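Right, one structure below, let's go through it.
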Amino acid sequence: MTYPKHARAFVPGHITGMFRIHDDSENLLHCGSTGAGFCIMAGTVTSVEMKKNERFEVEVRYNSELIDGPVTKAVIRKLVDDYELKCKVRVHHDSALPIGVGWGASGAGALGTAIAATSLISKDITPYQAASYAHVAEVENHTGLGDVIAQFMGGFEIRHRPGPPGIGEITNLTYDEEYHVVLAGGIGLETGQVLTNDYQKTKINTFGDQRITELMENPTVETFIDCSRLFSSETGLETSRVHSALVDLDSNEIKSGMVMLGDSLFCLCSESEVSTAVGILSLYWSEHEVLVTSIANDGGRLL
């Protein structure tokens with residue numbers, strides 16, 4: 001490996017409408033989640049720079065702000081250990097995704113780091129192997145279980161086997177490509193707390209199994225919306241703010257549901273419905289917490 005080296009990758013955000021936790025295997029490659037959701041054009045550009053250095057160092061920035069970045073660091077540390085590298089690594093995430101609201105910021109950062117870094121380390125590392133580093137880092141840190149495989153593939157998906165690409169399995173859901181996505185997001189539910197709470201996990205898994213089976217039997221956007229709404233209500237994950245906004249959106253016949261996990265929701269709108277959706281969401285969230293985007297057909301990739 002010749003130093004210094006620099007690479008960039010883009011990874012879309014991801015919205016989850018329902019999920020089921022799979023964390024029984026000792027092999028983290030076989031852990032993760034099943035569920036359903038879609039990728040969004042709003043995402044993260046990750047830049048990775050590696051320089052030769054006798055002592056391993058890693059620095060992570062998010063929109064220019066220096067952060068701890070435990071998931072990003074986990075990806076880099078594992079790669080450095082596996083390939084016996086001596087280097088200093090700088091990672092910069094330039095992102096449209098706020099952290100902690102359920103829009104897949106952690107998965108985007110992990111996958112973007114893995115794609116960019118592995119491209120610098122060796123041409124023999126496959127994209128699937130790169131994604132495995134990101135998936136394991138997410139599972140270890142309890143920041144996500146199924147975002148990475150979805151963000152690797154892109155589109156609107158049903159995840160029916162847990163794990164990273166090559167182990168996990170996805171079925172694509174057909175959707176109207178004219179859909180506009182309107183999101184509102186605030187920090188609410190702590191992903192790590194939910195994923196490690198036995199009582200909450202039991203409810204999530206019971207109702208998650210039911211709703212994913214229902215969606216697999218009738219894989220349409222309408223079924224996805226119905227199942228997502230039932231799931232957030234049945235599990236008790238639906239926040240009061242999300243509930244109130246969903247009631248208002250229902251009165252305007254706008255397809256919507258809660259984002260897993262956050263004090264957040266999504267709308268799938270026709271062009272004529274966007275302004276109405278934004279107006280309703282702006283009653284509950286600040287202007288900077290509302291985002292208009294679209295579904296991303298393509299997954300994470302080098303730039």
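A note on labels: chains of the structure tokens are A, B, ... as shown, every chain counts residues from 1, and ligands are counted from 1 in their shown order.
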
Within 7 Å of region 93-106 of chain A using only C-alpha atoms, minus same-chain residues under 6 positions, as a list in words: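 What passes the distance filter is Gly13, His14, Ile15, Ala42, Gly43, Thr44, Val45, Thr46, Ser47, Arg61, Tyr62, Asn63, Thr143, Asp147, Gly185, Gly186, Ile187, Val259, Met260, Leu261, Gly262, Asp263 and Ser264 of chain A.
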
Closest atom pairs, region 141-192 of chain A residues within 7 Å of region 207-226 of chain A, only C-alpha atoms, as a Markdown table:
```
| residue | atom | partner | partner_atom | distance |
| --- | --- | --- | --- | --- |
| A:Leu173 | CA | A:Pro219 | CA | 6.3 |
| A:Thr174 | CA | A:Thr220 | CA | 6.9 |
| A:Tyr175 | CA | A:Val221 | CA | 6.4 |
```

Residues of region 226-257 of chain A at most 10 Å from region 273-286 of chain A: nearest atom pair and distance in Å, only C-alpha atoms, as CSV:
```
residue,atom,partner,partner_atom,distance
A:Arg241,CA,A:Tyr284,CA,6.9
A:Val242,CA,A:Tyr284,CA,8.5
A:Ser244,CA,A:Tyr284,CA,8.5
A:Ala245,CA,A:Leu281,CA,6.6
A:Leu246,CA,A:Leu281,CA,9.2
A:Asp248,CA,A:Ile280,CA,7.0
A:Leu249,CA,A:Ala277,CA,7.0
A:Asn252,CA,A:Thr276,CA,8.1
A:Glu253,CA,A:Glu273,CA,9.3
A:Ile254,CA,A:Glu273,CA,7.3
A:Lys255,CA,A:Ala277,CA,9.7
A:Ser256,CA,A:Ala277,CA,9.5
```

Next, dump the selected residues to file, keeping only C-alpha atoms, as a compact mmCIF listing (two decimals), in the first residue's frame.
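Listed below is the output, result.txt:
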```txt
# COMPACT_ATOMS: atom_id res chain seq x y z
CA ARG A 241 -45.72 13.84 18.49
CA VAL A 242 -45.57 11.26 15.72
CA SER A 244 -50.57 13.53 16.40
CA ALA A 245 -48.90 14.28 13.09
CA LEU A 246 -50.02 10.95 11.60
CA ASP A 248 -53.37 15.06 10.63
CA LEU A 249 -51.73 13.39 7.64
CA ASN A 252 -55.39 14.59 4.17
CA GLU A 253 -55.04 11.00 2.85
CA ILE A 254 -51.23 11.20 2.77
CA LYS A 255 -49.38 7.87 3.02
CA SER A 256 -47.26 8.05 6.16
```

field: Expected answer as a PyMOL selection string: helix (DSSP H, G or I) residues in region 46-268 of chain A
entry: chain A and resi 70-82+105-121+127-141+147-153+191-195+198-217+221-234+240-251

message: Calculated over only C-alpha atoms, which of the candidates A:Gly144, A:Gly37, A:Pro165, A:Gly155 has the smallest distance to Gln193 (chain A)?
response: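 Smallest distance to Gln193 (chain A) is found for A:Gly144.
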
statement: Judged by only C-alpha atoms, the minimum distance to Ala74 (chain A) among A:Lys123, A:Leu29, A:Glu49, A:Glu140 is found for A:Glu140

query: From the list A:Val60, A:Ala7, A:Ile40, A:Val139, which residue is nearest Met153 (chain A) when using only C-alpha atoms?
result: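 Using only C-alpha atoms, the shortest distance to Met153 (chain A) belongs to A:Ile40.
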
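Rounded to one decimal, CA of Lys5 (chain A) and CA of Lys52 (chain A) lie 9.4 Å from each other.
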
message: Using Å and a single decimal, report how far CA of Gly35 (chain A) sits from CA of Tyr179 (chain A).
response: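 Taking CA of Tyr179 (chain A) as the start and CA of Gly35 (chain A) as the end point, the length is 20.8 Å.
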
- request: Record the distance separating CA of His135 (chain A) and CA of Ser33 (chain A), expressed in Å with one decimal.
  value: 10.9 Å

Test item: residues at most 9 Å from Arg301 (chain A), only C-alpha atoms, excluding those fewer than 2 positions along its chain, as a compact mmCIF listing (two decimals) with N, CA and C atoms, in the first residue's frame:
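Okay, this is what ended up in result-v9.txt:
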```
# COMPACT_ATOMS: atom_id res chain seq x y z
N ARG A 8 -13.37 8.51 -1.80
CA ARG A 8 -14.68 9.02 -1.38
C ARG A 8 -15.76 8.03 -1.79
N ALA A 9 -16.81 7.95 -0.97
CA ALA A 9 -17.94 7.07 -1.27
C ALA A 9 -19.23 7.79 -0.90
N PHE A 10 -20.31 7.46 -1.60
CA PHE A 10 -21.63 7.98 -1.25
C PHE A 10 -22.52 6.82 -0.82
N VAL A 11 -23.28 7.03 0.25
CA VAL A 11 -24.25 6.04 0.72
C VAL A 11 -25.57 6.75 1.02
N GLY A 112 -20.01 3.84 4.09
CA GLY A 112 -19.17 4.73 3.30
C GLY A 112 -17.71 4.61 3.69
N ILE A 115 -16.42 1.17 2.32
CA ILE A 115 -16.24 1.17 0.87
C ILE A 115 -15.00 1.97 0.48
N ALA A 116 -14.87 3.17 1.05
CA ALA A 116 -13.73 4.03 0.71
C ALA A 116 -12.42 3.45 1.21
N PRO A 127 -16.82 -5.73 -2.69
CA PRO A 127 -17.81 -4.85 -2.07
C PRO A 127 -18.58 -5.55 -0.95
N PHE A 152 -26.64 -0.78 0.99
CA PHE A 152 -25.74 -1.37 -0.01
C PHE A 152 -26.51 -1.64 -1.30
N ASP A 298 -30.24 3.38 -6.23
CA ASP A 298 -28.88 2.84 -6.15
C ASP A 298 -28.36 2.87 -4.73
N GLY A 299 -27.53 1.87 -4.41
CA GLY A 299 -26.96 1.77 -3.08
C GLY A 299 -25.61 2.45 -3.00
N LEU A 303 -17.05 7.13 -5.30
CA LEU A 303 -17.20 8.32 -6.15
C LEU A 303 -15.91 8.56 -6.91
```

Need to verify the contact set: Ile167 (chain A), 12 Å, only C-alpha atoms, exclusion of same-chain residues closer than 6 positions in sequence. Can you return it as a PDB file with C-alpha atoms, in the first residue's frame?
```pdb
ATOM      1  CA  ASN A  27     -21.336 -14.797  14.683  1.00  0.00           C
ATOM      2  CA  LEU A  28     -22.256 -11.146  14.157  1.00  0.00           C
ATOM      3  CA  LEU A  29     -22.435 -11.733  10.398  1.00  0.00           C
ATOM      4  CA  HIS A  30     -25.556 -13.788  11.078  1.00  0.00           C
ATOM      5  CA  CYS A  31     -27.080 -11.225  13.412  1.00  0.00           C
ATOM      6  CA  GLY A  32     -29.075  -8.199  12.291  1.00  0.00           C
ATOM      7  CA  SER A  33     -32.714  -7.643  11.503  1.00  0.00           C
ATOM      8  CA  TYR A 128     -19.606  -7.574  -0.084  1.00  0.00           C
ATOM      9  CA  GLN A 129     -16.597  -7.942   2.205  1.00  0.00           C
ATOM     10  CA  ALA A 131     -20.145  -4.125   3.647  1.00  0.00           C
ATOM     11  CA  SER A 132     -19.525  -6.901   6.182  1.00  0.00           C
ATOM     12  CA  HIS A 135     -22.535  -4.411   9.321  1.00  0.00           C
ATOM     13  CA  GLY A 146     -30.450  -3.867   9.011  1.00  0.00           C
ATOM     14  CA  ILE A 149     -27.599  -4.329   3.605  1.00  0.00           C
ATOM     15  CA  ARG A 159     -35.342  -7.857   4.367  1.00  0.00           C
ATOM     16  CA  HIS A 160     -36.264 -11.467   5.046  1.00  0.00           C
ATOM     17  CA  ARG A 161     -32.923 -12.887   6.202  1.00  0.00           C
TER      18      ARG A 161
END
```

query: Using only C-alpha atoms, which residue out of A:Ala110, A:Asn172, A:Met258, A:His180 lies closest to Leu291 (chain A)?
result: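 Of A:Ala110, A:Asn172, A:Met258, A:His180, the one nearest Leu291 (chain A) is A:His180, counting only C-alpha atoms.
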
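Per DSSP on the backbone, strand (DSSP E or B) in region 2-41 of chain A comprises Lys5, His6, Ala7, Arg8, Ala9, Phe10, Val11, Pro12, Gly13, His14, Ile15, Thr16, Gly17, Met18, Phe19, Arg20, Ile21, His22, Gly32, Ser33, Thr34, Gly35, Ala36, Gly37, Phe38, Cys39, Ile40 and Met41 of chain A.
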
I'd like the contact shell of Val292 (chain A) - 7 Å cut-off, only C-alpha atoms, skipping same-chain residues fewer than 4 positions apart - returned as a compact mmCIF listing (two decimals) with C-alpha atoms, in the first residue's frame.
```txt
# COMPACT_ATOMS: atom_id res chain seq x y z
CA VAL A 181 -40.44 11.48 0.30
CA VAL A 182 -41.13 14.01 3.04
CA LEU A 183 -39.44 13.36 6.36
```

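Among the candidates A:His6, A:Arg20, A:Leu66, A:Gly168, the residue lying nearest to Val194 (chain A) is A:Arg20 (atoms considered: only C-alpha atoms).
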